[in-house]
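Scroll down for the structure; my scribbles are underneath it.
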Amino acid sequence: MTHVEDELNSQPECWRRAAAQAPDHAPALPAPGERVAVVGCGTSYFMAQAVAALREGAGHGETDAFAASEFPHGRAYDRVVALTRSGTTTEVLHLLGRLKGGPRTTALTADPATPVMSLADDAVVLAYADERSVVQTRFATSALTLLRAHLGLHGDAVVADARTALDTPLPEGLVDCGQFTFLGRGWTVGLANEAGLKMREAALAWTEAYPAMEYRHGPISVTTRGTATWMFGPAPDGLAQQVRATGGRWIEGTLDPLAELVRAQRLAVAVAAARGLDPDRPRHLTRSVVLAP
(Lines give C-alpha, C1' and ligand atoms only; values in the text may rest on other atoms or scores of the structure.)
Protein backbone atom coordinates (compact mmCIF):
# COMPACT_ATOMS: atom_id res chain seq x y z
CA MET A 1 0.00 0.00 0.00
CA THR A 2 1.31 3.46 -0.90
CA HIS A 3 1.52 6.28 1.66
CA VAL A 4 -1.30 8.13 -0.07
CA GLU A 5 -3.57 5.04 0.07
CA ASP A 6 -2.85 4.56 3.75
CA GLU A 7 -3.52 8.22 4.47
CA LEU A 8 -6.73 8.51 2.48
CA ASN A 9 -8.05 5.36 4.18
CA SER A 10 -7.52 6.98 7.60
CA GLN A 11 -9.82 9.92 6.88
CA PRO A 12 -12.96 8.81 8.75
CA GLU A 13 -11.05 8.64 12.03
CA CYS A 14 -9.22 11.92 11.32
CA TRP A 15 -12.54 13.63 10.62
CA ARG A 16 -14.02 12.30 13.84
CA ARG A 17 -11.10 13.75 15.80
CA ALA A 18 -11.17 17.07 13.97
CA ALA A 19 -14.88 17.56 14.58
CA ALA A 20 -14.54 16.67 18.25
CA GLN A 21 -11.75 19.24 18.67
CA ALA A 22 -13.54 22.11 16.96
CA PRO A 23 -15.07 23.55 20.17
CA ASP A 24 -11.64 23.61 21.85
CA HIS A 25 -10.24 25.71 19.00
CA ALA A 26 -13.17 28.11 18.74
CA PRO A 27 -11.24 31.14 20.12
CA ALA A 28 -8.72 30.80 17.28
CA LEU A 29 -11.34 30.44 14.56
CA PRO A 30 -13.53 33.08 12.89
CA ALA A 31 -16.38 34.40 15.00
CA PRO A 32 -19.82 35.14 13.54
CA GLY A 33 -19.88 38.56 11.93
CA GLU A 34 -16.16 38.79 11.26
CA ARG A 35 -15.07 39.64 7.73
CA VAL A 36 -12.71 36.79 6.88
CA ALA A 37 -10.26 35.77 4.16
CA VAL A 38 -9.12 32.15 3.88
CA VAL A 39 -5.87 31.53 2.02
CA GLY A 40 -3.72 28.63 0.92
CA CYS A 41 -1.78 27.17 -1.97
CA GLY A 42 -2.67 24.21 -4.17
CA THR A 43 -4.95 21.83 -2.29
CA SER A 44 -5.18 24.26 0.63
CA TYR A 45 -6.44 26.98 -1.71
CA PHE A 46 -9.24 24.72 -2.93
CA MET A 47 -10.18 23.91 0.67
CA ALA A 48 -10.22 27.66 1.29
CA GLN A 49 -12.74 28.04 -1.54
CA ALA A 50 -14.99 25.45 0.09
CA VAL A 51 -14.69 27.02 3.55
CA ALA A 52 -15.43 30.51 2.27
CA ALA A 53 -18.59 29.41 0.47
CA LEU A 54 -19.77 27.37 3.46
CA ARG A 55 -19.22 30.18 5.97
CA GLU A 56 -20.82 32.93 3.95
CA GLY A 57 -23.67 30.66 2.85
CA ALA A 58 -24.39 29.84 6.50
CA GLY A 59 -24.73 33.53 7.33
CA HIS A 60 -21.61 33.79 9.49
CA GLY A 61 -20.18 36.76 7.60
CA GLU A 62 -18.53 37.85 4.38
CA THR A 63 -15.79 35.37 3.53
CA ASP A 64 -13.36 35.32 0.61
CA ALA A 65 -10.82 32.76 -0.57
CA PHE A 66 -7.49 33.55 -2.22
CA ALA A 67 -4.33 31.87 -3.30
CA ALA A 68 -1.82 33.17 -0.76
CA SER A 69 0.19 34.85 -3.51
CA GLU A 70 -2.88 36.77 -4.71
CA PHE A 71 -4.13 38.25 -1.43
CA PRO A 72 -5.60 41.75 -2.00
CA HIS A 73 -3.82 43.92 0.52
CA GLY A 74 -6.09 46.86 -0.19
CA ARG A 75 -9.08 45.11 1.42
CA ALA A 76 -9.91 45.17 5.12
CA TYR A 77 -10.48 41.90 6.98
CA ASP A 78 -11.03 41.10 10.65
CA ARG A 79 -9.23 37.77 10.36
CA VAL A 80 -7.15 35.85 7.82
CA VAL A 81 -7.10 32.05 8.08
CA ALA A 82 -4.13 30.33 6.42
CA LEU A 83 -4.19 26.63 5.57
CA THR A 84 -0.73 25.07 5.28
CA ARG A 85 0.01 21.41 5.90
CA SER A 86 3.77 21.83 6.05
CA GLY A 87 3.92 25.22 7.76
CA THR A 88 6.76 26.11 5.38
CA THR A 89 5.04 27.18 2.16
CA THR A 90 6.79 30.32 0.99
CA GLU A 91 3.77 32.31 -0.18
CA VAL A 92 1.86 31.66 3.05
CA LEU A 93 4.81 32.67 5.24
CA HIS A 94 5.39 35.84 3.23
CA LEU A 95 1.73 36.79 3.54
CA LEU A 96 1.55 36.18 7.29
CA GLY A 97 4.72 38.20 7.80
CA ARG A 98 3.31 41.09 5.85
CA LEU A 99 0.05 40.98 7.81
CA LYS A 100 1.76 41.36 11.20
CA GLY A 101 0.10 44.17 13.09
CA GLY A 102 -2.97 44.04 10.87
CA PRO A 103 -5.92 41.65 10.91
CA ARG A 104 -5.74 38.75 13.33
CA THR A 105 -4.30 35.66 11.66
CA THR A 106 -4.89 31.97 12.27
CA ALA A 107 -2.84 29.12 10.80
CA LEU A 108 -4.13 25.57 10.42
CA THR A 109 -1.14 23.28 10.05
CA ALA A 110 0.05 19.73 10.66
CA ASP A 111 3.51 20.48 12.04
CA PRO A 112 4.06 22.63 15.16
CA ALA A 113 7.83 22.81 14.61
CA THR A 114 7.64 25.13 11.60
CA PRO A 115 7.92 28.88 10.95
CA VAL A 116 4.17 29.40 10.58
CA MET A 117 3.75 28.99 14.34
CA SER A 118 5.59 32.23 15.09
CA LEU A 119 4.11 34.21 12.22
CA ALA A 120 0.41 33.61 12.92
CA ASP A 121 -1.38 35.13 15.91
CA ASP A 122 -3.21 31.84 16.54
CA ALA A 123 -2.45 28.29 15.43
CA VAL A 124 -4.46 25.09 15.21
CA VAL A 125 -2.29 22.00 14.83
CA LEU A 126 -3.72 18.79 13.36
CA ALA A 127 -0.63 16.66 13.89
CA TYR A 128 -2.59 13.40 13.63
CA ALA A 129 -3.55 14.36 10.08
CA ASP A 130 0.02 14.98 8.88
CA GLU A 131 1.15 12.99 5.87
CA ARG A 132 4.23 11.37 4.38
CA SER A 133 2.84 11.62 0.87
CA VAL A 134 3.45 14.59 -1.38
CA VAL A 135 -0.18 14.29 -2.51
CA GLN A 136 -2.46 15.77 0.14
CA THR A 137 -5.55 13.90 1.27
CA ARG A 138 -6.31 13.65 4.98
CA PHE A 139 -4.83 16.93 6.21
CA ALA A 140 -6.85 19.00 3.78
CA THR A 141 -10.12 17.20 4.45
CA SER A 142 -9.53 17.19 8.22
CA ALA A 143 -8.91 20.94 8.23
CA LEU A 144 -12.11 21.42 6.24
CA THR A 145 -13.96 19.13 8.66
CA LEU A 146 -12.78 21.13 11.66
CA LEU A 147 -13.99 24.34 10.05
CA ARG A 148 -17.28 22.74 8.99
CA ALA A 149 -17.83 21.57 12.55
CA HIS A 150 -17.00 25.07 13.83
CA LEU A 151 -19.80 26.36 11.58
CA GLY A 152 -22.21 23.71 12.87
CA LEU A 153 -22.30 22.01 9.45
CA HIS A 154 -20.72 18.64 10.28
CA GLY A 155 -22.52 15.53 11.51
CA ASP A 156 -21.92 11.83 12.09
CA ALA A 157 -23.43 11.06 8.70
CA VAL A 158 -20.42 12.68 7.01
CA VAL A 159 -18.05 10.20 8.66
CA ALA A 160 -20.38 7.32 7.83
CA ASP A 161 -20.41 8.42 4.19
CA ALA A 162 -16.60 8.54 4.19
CA ARG A 163 -16.53 4.91 5.30
CA THR A 164 -18.98 4.05 2.53
CA ALA A 165 -16.74 5.87 0.04
CA LEU A 166 -13.83 3.68 1.11
CA ASP A 167 -15.74 0.40 1.18
CA THR A 168 -17.76 0.67 -2.05
CA PRO A 169 -16.06 -0.32 -5.34
CA LEU A 170 -15.56 2.42 -7.89
CA PRO A 171 -17.88 2.27 -10.91
CA GLU A 172 -16.76 -0.43 -13.29
CA GLY A 173 -14.66 0.82 -16.19
CA LEU A 174 -14.19 4.32 -14.75
CA VAL A 175 -10.43 3.84 -14.44
CA ASP A 176 -10.20 3.32 -18.20
CA CYS A 177 -11.65 6.72 -19.11
CA GLY A 178 -9.29 9.07 -20.91
CA GLN A 179 -10.65 12.36 -19.58
CA PHE A 180 -12.32 13.37 -16.31
CA THR A 181 -14.36 16.46 -15.45
CA PHE A 182 -15.47 17.33 -11.91
CA LEU A 183 -18.35 19.70 -11.26
CA GLY A 184 -19.61 21.49 -8.16
CA ARG A 185 -21.99 24.18 -6.96
CA GLY A 186 -21.42 26.58 -4.09
CA TRP A 187 -18.96 25.11 -1.60
CA THR A 188 -18.46 21.98 -3.70
CA VAL A 189 -16.78 23.95 -6.51
CA GLY A 190 -13.66 23.90 -4.32
CA LEU A 191 -14.02 20.13 -3.90
CA ALA A 192 -14.36 19.68 -7.66
CA ASN A 193 -11.20 21.73 -8.18
CA GLU A 194 -9.40 19.57 -5.62
CA ALA A 195 -10.58 16.33 -7.24
CA GLY A 196 -9.15 17.54 -10.53
CA LEU A 197 -5.85 18.39 -8.88
CA LYS A 198 -5.63 14.91 -7.32
CA MET A 199 -6.07 13.30 -10.72
CA ARG A 200 -3.41 15.49 -12.28
CA GLU A 201 -0.91 15.04 -9.44
CA ALA A 202 -1.24 11.32 -8.85
CA ALA A 203 -2.23 9.99 -12.26
CA LEU A 204 -1.09 12.63 -14.79
CA ALA A 205 -4.67 12.50 -16.08
CA TRP A 206 -6.43 14.92 -18.41
CA THR A 207 -8.75 16.49 -15.88
CA GLU A 208 -10.85 19.64 -15.66
CA ALA A 209 -13.13 21.18 -13.02
CA TYR A 210 -15.89 23.78 -13.29
CA PRO A 211 -18.92 25.23 -11.55
CA ALA A 212 -21.70 22.97 -12.79
CA MET A 213 -23.70 25.71 -14.51
CA GLU A 214 -20.59 26.83 -16.40
CA TYR A 215 -20.03 23.37 -17.86
CA ARG A 216 -22.60 24.02 -20.58
CA HIS A 217 -20.76 27.17 -21.66
CA GLY A 218 -18.05 25.46 -23.70
CA PRO A 219 -16.42 22.69 -21.61
CA ILE A 220 -19.10 20.12 -22.45
CA SER A 221 -17.70 20.18 -26.01
CA VAL A 222 -14.85 17.87 -24.94
CA THR A 223 -17.24 15.26 -23.54
CA THR A 224 -17.64 12.11 -25.61
CA ARG A 225 -17.26 8.37 -25.28
CA GLY A 226 -14.35 7.55 -23.03
CA THR A 227 -14.83 10.62 -20.83
CA ALA A 228 -16.45 10.92 -17.41
CA THR A 229 -18.22 13.81 -15.72
CA TRP A 230 -18.53 13.59 -11.92
CA MET A 231 -20.95 15.82 -10.00
CA PHE A 232 -20.31 16.83 -6.37
CA GLY A 233 -23.72 17.40 -4.81
CA PRO A 234 -27.07 17.94 -6.56
CA ALA A 235 -26.81 18.57 -10.29
CA PRO A 236 -28.58 21.33 -12.22
CA ASP A 237 -31.75 20.15 -13.91
CA GLY A 238 -31.11 18.43 -17.21
CA LEU A 239 -27.31 18.33 -16.99
CA ALA A 240 -27.03 14.58 -16.51
CA GLN A 241 -29.15 14.01 -19.61
CA GLN A 242 -27.04 16.44 -21.64
CA VAL A 243 -23.84 14.64 -20.65
CA ARG A 244 -25.26 11.22 -21.45
CA ALA A 245 -26.41 12.53 -24.84
CA THR A 246 -22.77 13.22 -25.75
CA GLY A 247 -21.89 9.58 -25.14
CA GLY A 248 -19.93 10.52 -22.03
CA ARG A 249 -20.26 8.89 -18.66
CA TRP A 250 -22.17 10.66 -15.87
CA ILE A 251 -21.21 9.99 -12.22
CA GLU A 252 -23.82 11.18 -9.75
CA GLY A 253 -22.47 12.10 -6.33
CA THR A 254 -24.84 10.48 -3.84
CA LEU A 255 -22.73 10.79 -0.66
CA ASP A 256 -21.84 13.89 1.33
CA PRO A 257 -19.68 15.90 -1.07
CA LEU A 258 -16.60 15.59 1.16
CA ALA A 259 -17.01 11.81 1.08
CA GLU A 260 -17.33 12.03 -2.69
CA LEU A 261 -13.90 13.65 -2.66
CA VAL A 262 -12.59 10.52 -0.94
CA ARG A 263 -13.96 8.49 -3.85
CA ALA A 264 -12.17 10.81 -6.27
CA GLN A 265 -8.94 10.36 -4.30
CA ARG A 266 -9.34 6.60 -4.65
CA LEU A 267 -9.92 7.03 -8.38
CA ALA A 268 -6.69 9.02 -8.71
CA VAL A 269 -4.72 6.22 -7.03
CA ALA A 270 -6.44 3.56 -9.15
CA VAL A 271 -5.75 5.40 -12.40
CA ALA A 272 -2.13 5.89 -11.36
CA ALA A 273 -1.79 2.16 -10.73
CA ALA A 274 -3.39 1.32 -14.07
CA ARG A 275 -0.87 3.59 -15.80
CA GLY A 276 2.13 2.19 -13.94
CA LEU A 277 2.68 5.38 -11.92
CA ASP A 278 3.66 5.76 -8.26
CA PRO A 279 1.25 8.25 -6.63
CA ASP A 280 3.75 8.77 -3.80
CA ARG A 281 6.22 10.24 -6.28
CA PRO A 282 4.27 12.68 -8.47
CA ARG A 283 6.22 14.21 -11.30
CA HIS A 284 7.94 17.56 -10.63
CA LEU A 285 6.36 17.95 -7.17
CA THR A 286 7.64 18.19 -3.59
CA ARG A 287 5.79 18.02 -0.27
CA SER A 288 6.13 21.77 0.26
CA VAL A 289 6.90 24.57 -2.16
CA VAL A 290 9.78 26.53 -0.65
CA LEU A 291 11.09 29.24 -2.94
CA ALA A 292 14.58 30.69 -2.88
CA PRO A 293 14.71 34.09 -1.12
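Chain labels A, B, ... are given in the sequence in which chains occur in the C-alpha coordinates; within each chain residues are numbered consecutively from 1, and ligands are likewise numbered from 1 in the order shown.
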Q: Give me the residues within 8 Å of segment 266-268 of chain A as a PyMOL selection string, counting only C-alpha atoms and dropping any in the same chain fewer than 5 places off.
A: chain A and resi 5+8+166+170+175+198-199+202-203
Q. Could you name the residues that touch Ala129 of chain A at 12 Å or less, counting only C-alpha atoms, but leaving out those on the same chain fewer than 2 positions away, as an MDAnalysis selection string?
A. chainID A and resid 6:18 85:86 108:111 124:127 131:133 136:146
(Q) I want to know what sits within 12 Å of Gly152 of chain A, based on only C-alpha atoms, with residues of the same chain fewer than 6 positions away left out; could you give that as a PyMOL selection string? (A) chain A and resi 19-20+22-23+26+32+54-55+58-60+145-146
Could you please take those selected residues and save N, CA and C atoms as a short mmCIF file (atom, residue, chain, number, x, y, z; two decimals), in the first residue's frame?
```cif
data_model
loop_
_atom_site.label_atom_id
_atom_site.label_comp_id
_atom_site.auth_asym_id
_atom_site.auth_seq_id
_atom_site.Cartn_x
_atom_site.Cartn_y
_atom_site.Cartn_z
N ALA A 19 -13.58 17.02 14.18
CA ALA A 19 -14.88 17.56 14.58
C ALA A 19 -14.99 17.67 16.09
N ALA A 20 -14.47 16.66 16.79
CA ALA A 20 -14.54 16.67 18.25
C ALA A 20 -13.71 17.80 18.84
N ALA A 22 -13.15 20.78 17.42
CA ALA A 22 -13.54 22.11 16.96
C ALA A 22 -13.93 23.05 18.10
N PRO A 23 -14.72 22.61 19.10
CA PRO A 23 -15.07 23.55 20.17
C PRO A 23 -13.86 24.05 20.96
N ALA A 26 -12.28 27.02 19.13
CA ALA A 26 -13.17 28.11 18.74
C ALA A 26 -12.56 29.50 18.90
N PRO A 32 -18.73 34.62 14.37
CA PRO A 32 -19.82 35.14 13.54
C PRO A 32 -19.74 36.66 13.41
N LEU A 54 -18.99 27.92 2.35
CA LEU A 54 -19.77 27.37 3.46
C LEU A 54 -20.07 28.44 4.50
N ARG A 55 -19.05 29.20 4.89
CA ARG A 55 -19.22 30.18 5.97
C ARG A 55 -20.18 31.29 5.55
N ALA A 58 -23.74 30.11 5.22
CA ALA A 58 -24.39 29.84 6.50
C ALA A 58 -24.72 31.11 7.27
N GLY A 59 -24.39 32.27 6.70
CA GLY A 59 -24.73 33.53 7.33
C GLY A 59 -23.78 33.97 8.43
N HIS A 60 -22.56 33.44 8.44
CA HIS A 60 -21.61 33.79 9.49
C HIS A 60 -20.80 35.05 9.17
N THR A 145 -13.00 19.69 7.70
CA THR A 145 -13.96 19.13 8.66
C THR A 145 -13.99 19.94 9.95
N LEU A 146 -12.82 20.32 10.44
CA LEU A 146 -12.78 21.13 11.66
C LEU A 146 -13.53 22.44 11.45
#
```
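Shortest atom-to-atom contact with Glu62 of chain A among A:Val271, A:Met231, A:Val36, A:Ala212: A:Val36, counting only C-alpha atoms.
Between Asp280 of chain A and the candidates A:Val158, A:Leu183, A:Leu258, A:Met1, the tightest atom-to-atom separation, counting only C-alpha atoms, involves A:Met1.
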